[in-house]
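Comments concern the structure below.
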Amino acid sequence: MRALVVYCHPVAGSFNAAVRDVVTEGLHQAGVEFRLCDLYPRGFQPALTEAELTGYLDEPQNRAPVQQDVEDLLWCDTLIFVYPTWWYGLPAMLKGWLDRVMVQGVAFLMPDGANKDIRRGLTHITRLGVFTTCGASWILTQLMGAPGKRTLTRGLRSILAARCRTVFMAHYLMDSSTPASRSAHLERVRAKLARFIG
Amino acid sequence: MPRALVLFAHPCPESFSAALHSTVVETLRRKGWEVDDCDLNAEGFSPVLTEADRRAYHDEPDNISPVQGYVERLRAADAMVMVFPVWNFGYPAILKGFLDRVFLPGVSFKLVEGKVKPNLTHIRKLAAVTTYGGTRMRAFMAGDPPRKCVTRAVWHVCRPDKMRYLALYDMNRADDAKRAGFLSRVADEMKAF
């Protein structure tokens, strides 16, 4: 098992950093090989540029601007995201990671004469883990249609292995969280991760 | 004169999104709107919420200083039209970053006793003009997150009288006729906006 952990939060001591640490410790203790992709310290540039978009369909040159990320994606069989939910969705930097790294020929295959829709490209990824925090309540998030969760657990999942094992966990109402609610959440993350990789 | 903020998020001037953007801006102007045409890529908008931004996020009104100009443009708007391609079941990052950085507490919403209260209620009309590479069924199966981002999350802070979500699905296989049909539908909707 090889896990790629994609982490996205601007503040070093944030609760998301604690979640990330629980995840990476859990992987380490289980003897799982993992790579951590920490987007903020890299200064990852999230906007897909005109040049990149113009070359979007040209394989394999389209991998060049995000070579390491593509290698990590091809290397792993487990993909784990840790990030805060902002505006019911992914932070722009993480959204941009998808926009720039999920290139044609790696992440998906374009429709052709025989295929009417996009086809999966990441069929070697058989596990998807999503660990996030939400300022909003669970009920408000559901009323909004949980677009962030769906972007990953349905949208992205649709280009991973067909029966990809998926786990989603969120700490809701972060702005009124307490030390007790946060540590309880970390415990739940620990337990969930153990089952997820078990 | 009513004022419309047009948020555009595609980097290529020859793209179909750019054609939709021109149609929106020109049609609104012809119908007497004062259009604030905000091309996020051309303006070099930085979508990244920085550590300093995050730390000051809840400090009203100081939180707006890094994006003061954009906040003023948003506050001056009577209508907002978002023109963007759907990528990976969501907004392009540059447009998502506009929400992250400009839709701040005290700007787009007020937190009152932990509850979100709409604060962009001067935006009486809201529209999105978008394209999906995949089919409508494919988007539906994923819960169509970008549609919900606009018609629920952005709607929630504006509570507009009128909302339109204009989408062309299956762009990967769309022919000229289908694209032209969508352009004329967008023009009609903007005329009646």
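All residue names refer to the structure tokens as shown: chains lettered A, B, ... in order, residues numbered from 1 in each chain, ligands numbered from 1 in order.
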
Q: Please identify every residue of chain A that has at least one atom no more than 8 Å from any atom of chain B, counting only C-alpha atoms, and report them as JSON, numbers by chain.
A: {"A": [10, 11, 46, 47, 48, 49, 50, 53, 54, 86, 87, 88, 91, 92, 93, 94, 95, 96, 98, 99, 110, 111, 117, 118, 143, 144, 145, 146, 147, 148, 150, 151, 154, 155, 156, 175, 176]}

Q: Just the residues within 12 Å of A:Leu109, please, counting only C-alpha atoms, with nothing from its chain fewer than 5 positions along; format it as a PyMOL selection string.
A: (chain A and resi 56-57+59+102-104+114-123+159) or (chain B and resi 133-134+172)

Dump as a JSON list (two decimals), in the first residue's frame, selection limited to C-alpha atoms:
```json
[["chain", "number", "residue", "atom", "x", "y", "z"],
["A", 56, "TYR", "CA", -3.79, 20.40, -21.86],
["A", 57, "LEU", "CA", -4.39, 17.58, -24.33],
["A", 59, "GLU", "CA", 0.58, 14.01, -23.91],
["A", 102, "MET", "CA", -5.59, 15.93, -13.21],
["A", 103, "VAL", "CA", -4.46, 16.16, -16.81],
["A", 104, "GLN", "CA", -5.75, 14.22, -19.77],
["A", 114, "ALA", "CA", -16.04, 4.36, -29.24],
["A", 115, "ASN", "CA", -16.63, 6.17, -25.94],
["A", 116, "LYS", "CA", -19.27, 8.81, -25.40],
["A", 117, "ASP", "CA", -18.00, 10.18, -22.11],
["A", 118, "ILE", "CA", -14.78, 10.73, -20.20],
["A", 119, "ARG", "CA", -13.16, 7.50, -18.96],
["A", 120, "ARG", "CA", -11.31, 6.84, -15.70],
["A", 121, "GLY", "CA", -7.56, 7.20, -15.70],
["A", 122, "LEU", "CA", -6.63, 6.54, -12.08],
["A", 123, "THR", "CA", -7.90, 2.98, -11.80],
["A", 159, "ILE", "CA", -12.02, 8.66, -12.28],
["B", 133, "GLY", "CA", -16.84, 18.93, -20.41],
["B", 134, "GLY", "CA", -18.85, 15.86, -19.42],
["B", 172, "ASN", "CA", -16.16, 17.79, -25.19]]
```

For stretch 180-183 of chain A: contacts at 12 Å, only C-alpha atoms, fewer than 3 positions along chain excluded, given as a compact mmCIF listing (two decimals) with C-alpha atoms, in the first residue's frame:
```
# COMPACT_ATOMS: atom_id res chain seq x y z
CA SER A 14 -4.05 24.79 12.69
CA PHE A 15 -6.41 22.01 13.66
CA ASN A 16 -6.06 20.65 10.14
CA ALA A 18 -3.27 18.11 13.83
CA VAL A 19 -5.54 16.00 11.64
CA VAL A 22 -2.88 11.89 13.10
CA THR A 133 -13.31 20.82 8.81
CA ALA A 170 -15.60 16.32 8.95
CA HIS A 171 -15.56 18.33 12.14
CA TYR A 172 -18.53 20.68 11.69
CA LEU A 173 -19.12 24.03 13.45
CA MET A 174 -15.38 24.64 13.75
CA ASP A 175 -15.85 28.23 14.93
CA SER A 176 -17.56 27.02 18.07
CA SER A 177 -15.37 23.93 18.53
CA LEU A 186 -8.88 13.41 16.32
CA GLU A 187 -9.68 10.13 18.05
CA ARG A 188 -12.39 9.41 15.49
CA VAL A 189 -9.96 10.20 12.68
CA ARG A 190 -7.44 7.78 14.22
```

Q.
List the spatial neighbours of A:Pro65 as number ranges by chain - criterion: any atom at most 9 Å away, only C-alpha atoms, same-chain residues fewer than 4 positions off excluded.
A. A: 52, 61, 100-101

For the residues in the current selection, export C-alpha atoms as a compact mmCIF listing (two decimals), in the first residue's frame.
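Output contents, as saved in selection18.txt:
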```txt
# COMPACT_ATOMS: atom_id res chain seq x y z
CA GLU A 52 -1.05 25.02 -19.62
CA GLN A 61 4.11 17.29 -22.36
CA ARG A 100 -3.51 21.44 -12.85
CA VAL A 101 -2.56 17.86 -11.95
```

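Comparing the minimum interatomic distances between B:His122 and each of B:Pro160, B:Tyr70, B:Gly106, B:Ala18, counting only C-alpha atoms, we find that B:Pro160 sits nearest.
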
Q: List the neighbours of stretch 26-35 of chain B out to 8 Å using only C-alpha atoms; skip same-chain residues closer than 6 positions along the sequence, and give me the result as a PyMOL selection string.
A: chain B and resi 1-6+187+190-191+193

Those same residues, written as a tab-separated table (two decimals), in the first residue's frame with N, CA and C atoms?
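Saved result, out_24.tsv, follows:
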```
chain	number	residue	atom	x	y	z
B	1	MET	N	-28.03	54.17	-13.22
B	1	MET	CA	-27.89	53.00	-14.09
B	1	MET	C	-27.55	51.77	-13.23
B	2	PRO	N	-28.29	50.67	-13.40
B	2	PRO	CA	-27.95	49.50	-12.57
B	2	PRO	C	-26.58	48.95	-12.97
B	3	ARG	N	-25.92	48.40	-11.99
B	3	ARG	CA	-24.53	47.98	-12.20
B	3	ARG	C	-24.41	46.47	-12.05
B	4	ALA	N	-23.75	45.86	-13.01
B	4	ALA	CA	-23.55	44.40	-12.97
B	4	ALA	C	-22.06	44.07	-12.88
B	5	LEU	N	-21.73	43.24	-11.92
B	5	LEU	CA	-20.35	42.74	-11.82
B	5	LEU	C	-20.29	41.41	-12.57
B	6	VAL	N	-19.44	41.36	-13.59
B	6	VAL	CA	-19.27	40.12	-14.34
B	6	VAL	C	-17.92	39.51	-13.92
B	187	ALA	N	-27.48	35.04	-24.77
B	187	ALA	CA	-27.80	36.42	-25.17
B	187	ALA	C	-29.25	36.74	-24.83
B	190	MET	N	-29.64	37.25	-21.10
B	190	MET	CA	-29.04	38.50	-20.64
B	190	MET	C	-29.88	39.71	-21.08
B	191	LYS	N	-30.52	39.60	-22.25
B	191	LYS	CA	-31.43	40.68	-22.69
B	191	LYS	C	-32.56	40.85	-21.70
B	193	PHE	N	-32.50	40.04	-18.61
B	193	PHE	CA	-31.99	40.02	-17.23
B	193	PHE	C	-32.41	41.30	-16.49
```

(Q) Just checking: using only C-alpha atoms, which residue out of B:Val81, B:Val186, B:Leu120, B:Ile64 ends up closest to B:Ala19? (A) B:Val186

Do you know which residues are at most 6 Å from A:Val5 counting only C-alpha atoms, after dropping those on the same chain fewer than 5 positions away, and could you put them as a CSV table (one decimal) with N, CA and C atoms, in the first residue's frame?
```csv
chain,number,residue,atom,x,y,z
A,36,LEU,N,3.9,12.9,1.5
A,36,LEU,CA,3.1,14.1,1.9
A,36,LEU,C,3.3,15.2,0.9
A,37,CYS,N,2.2,15.7,0.4
A,37,CYS,CA,2.2,16.8,-0.5
A,37,CYS,C,1.6,18.0,0.2
A,80,ILE,N,-5.3,10.5,0.0
A,80,ILE,CA,-5.9,11.1,1.2
A,80,ILE,C,-5.8,12.6,1.2
A,81,PHE,N,-6.9,13.3,1.4
A,81,PHE,CA,-7.0,14.8,1.4
A,81,PHE,C,-7.2,15.2,2.8
```

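Taking atom CA of A:Ile197 and atom CA of A:Leu74 as endpoints, the distance between them is 18.7 Å.
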
Taking the DSSP secondary structure from the backbone, can you list the residues of stretch 64-183 of chain A that are strand (DSSP E), as a compact mmCIF listing (two decimals) with N, CA and C atoms, in the first residue's frame?
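Generated file (states-v1.txt):
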```
# COMPACT_ATOMS: atom_id res chain seq x y z
N THR A 78 -3.48 4.87 -2.77
CA THR A 78 -4.38 5.43 -1.78
C THR A 78 -4.20 6.94 -1.79
N LEU A 79 -5.31 7.66 -1.89
CA LEU A 79 -5.23 9.11 -1.98
C LEU A 79 -6.00 9.69 -0.79
N ILE A 80 -5.32 10.54 -0.01
CA ILE A 80 -5.95 11.10 1.19
C ILE A 80 -5.83 12.62 1.15
N PHE A 81 -6.95 13.29 1.39
CA PHE A 81 -6.96 14.76 1.42
C PHE A 81 -7.25 15.25 2.83
N VAL A 82 -6.49 16.25 3.27
CA VAL A 82 -6.75 16.91 4.55
C VAL A 82 -6.77 18.41 4.29
N TYR A 83 -7.91 19.05 4.56
CA TYR A 83 -8.06 20.48 4.21
C TYR A 83 -9.26 21.07 4.95
N PRO A 84 -9.30 22.39 5.07
CA PRO A 84 -10.48 23.05 5.61
C PRO A 84 -11.50 23.28 4.49
N THR A 85 -12.78 23.16 4.78
CA THR A 85 -13.82 23.48 3.80
C THR A 85 -14.12 24.97 3.90
N PHE A 108 -7.70 11.04 -16.64
CA PHE A 108 -8.89 10.62 -17.41
C PHE A 108 -8.52 10.54 -18.89
N LEU A 109 -9.39 9.88 -19.63
CA LEU A 109 -9.22 9.79 -21.07
C LEU A 109 -10.42 10.44 -21.73
N ARG A 119 -13.42 8.77 -19.65
CA ARG A 119 -13.16 7.50 -18.96
C ARG A 119 -12.15 7.68 -17.84
N ARG A 120 -12.21 6.78 -16.86
CA ARG A 120 -11.31 6.84 -15.70
C ARG A 120 -9.87 6.64 -16.12
N ARG A 127 -8.31 3.46 -2.88
CA ARG A 127 -8.81 4.02 -1.62
C ARG A 127 -8.77 5.54 -1.69
N LEU A 128 -9.85 6.18 -1.22
CA LEU A 128 -9.94 7.64 -1.19
C LEU A 128 -10.37 8.08 0.20
N GLY A 129 -9.54 8.86 0.86
CA GLY A 129 -9.87 9.36 2.20
C GLY A 129 -9.97 10.87 2.19
N VAL A 130 -11.01 11.40 2.81
CA VAL A 130 -11.21 12.85 2.87
C VAL A 130 -11.45 13.27 4.31
N PHE A 131 -10.56 14.10 4.84
CA PHE A 131 -10.69 14.58 6.22
C PHE A 131 -10.71 16.10 6.20
N THR A 132 -11.82 16.68 6.65
CA THR A 132 -11.96 18.12 6.52
C THR A 132 -12.59 18.74 7.77
N THR A 133 -12.64 20.07 7.75
CA THR A 133 -13.31 20.82 8.81
C THR A 133 -14.28 21.78 8.13
N CYS A 134 -15.42 22.03 8.77
CA CYS A 134 -16.41 22.94 8.19
C CYS A 134 -16.82 23.98 9.23
N ARG A 165 -12.58 2.21 -2.23
CA ARG A 165 -13.05 2.33 -0.84
C ARG A 165 -12.94 3.81 -0.44
N THR A 166 -14.01 4.36 0.11
CA THR A 166 -14.04 5.80 0.35
C THR A 166 -14.42 6.10 1.79
N VAL A 167 -13.70 7.06 2.39
CA VAL A 167 -14.06 7.49 3.72
C VAL A 167 -14.09 9.02 3.74
N PHE A 168 -15.11 9.58 4.40
CA PHE A 168 -15.22 11.03 4.54
C PHE A 168 -15.49 11.36 5.99
N MET A 169 -14.72 12.28 6.54
CA MET A 169 -14.95 12.72 7.92
C MET A 169 -14.80 14.23 8.02
N ALA A 170 -15.71 14.87 8.76
CA ALA A 170 -15.60 16.32 8.95
C ALA A 170 -15.89 16.68 10.39
N HIS A 171 -15.17 17.67 10.88
CA HIS A 171 -15.56 18.33 12.14
C HIS A 171 -16.37 19.55 11.73
```

Q.
Taking only stretch 11-103 of chain B into account, list the residues labelled helix (DSSP H, G or I) by DSSP (computed from the backbone), as a ChimeraX atom specification.
A. /B:16-30,51-55,62-75,93-102

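The coordinates place atom CA of A:Thr126 at 8.0 Å from atom CA of A:Ala162.
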
Q. When you draw a straight line from atom CA of B:Phe182 to atom CA of B:Val24, how long is it in Å?
A. 12.0 Å
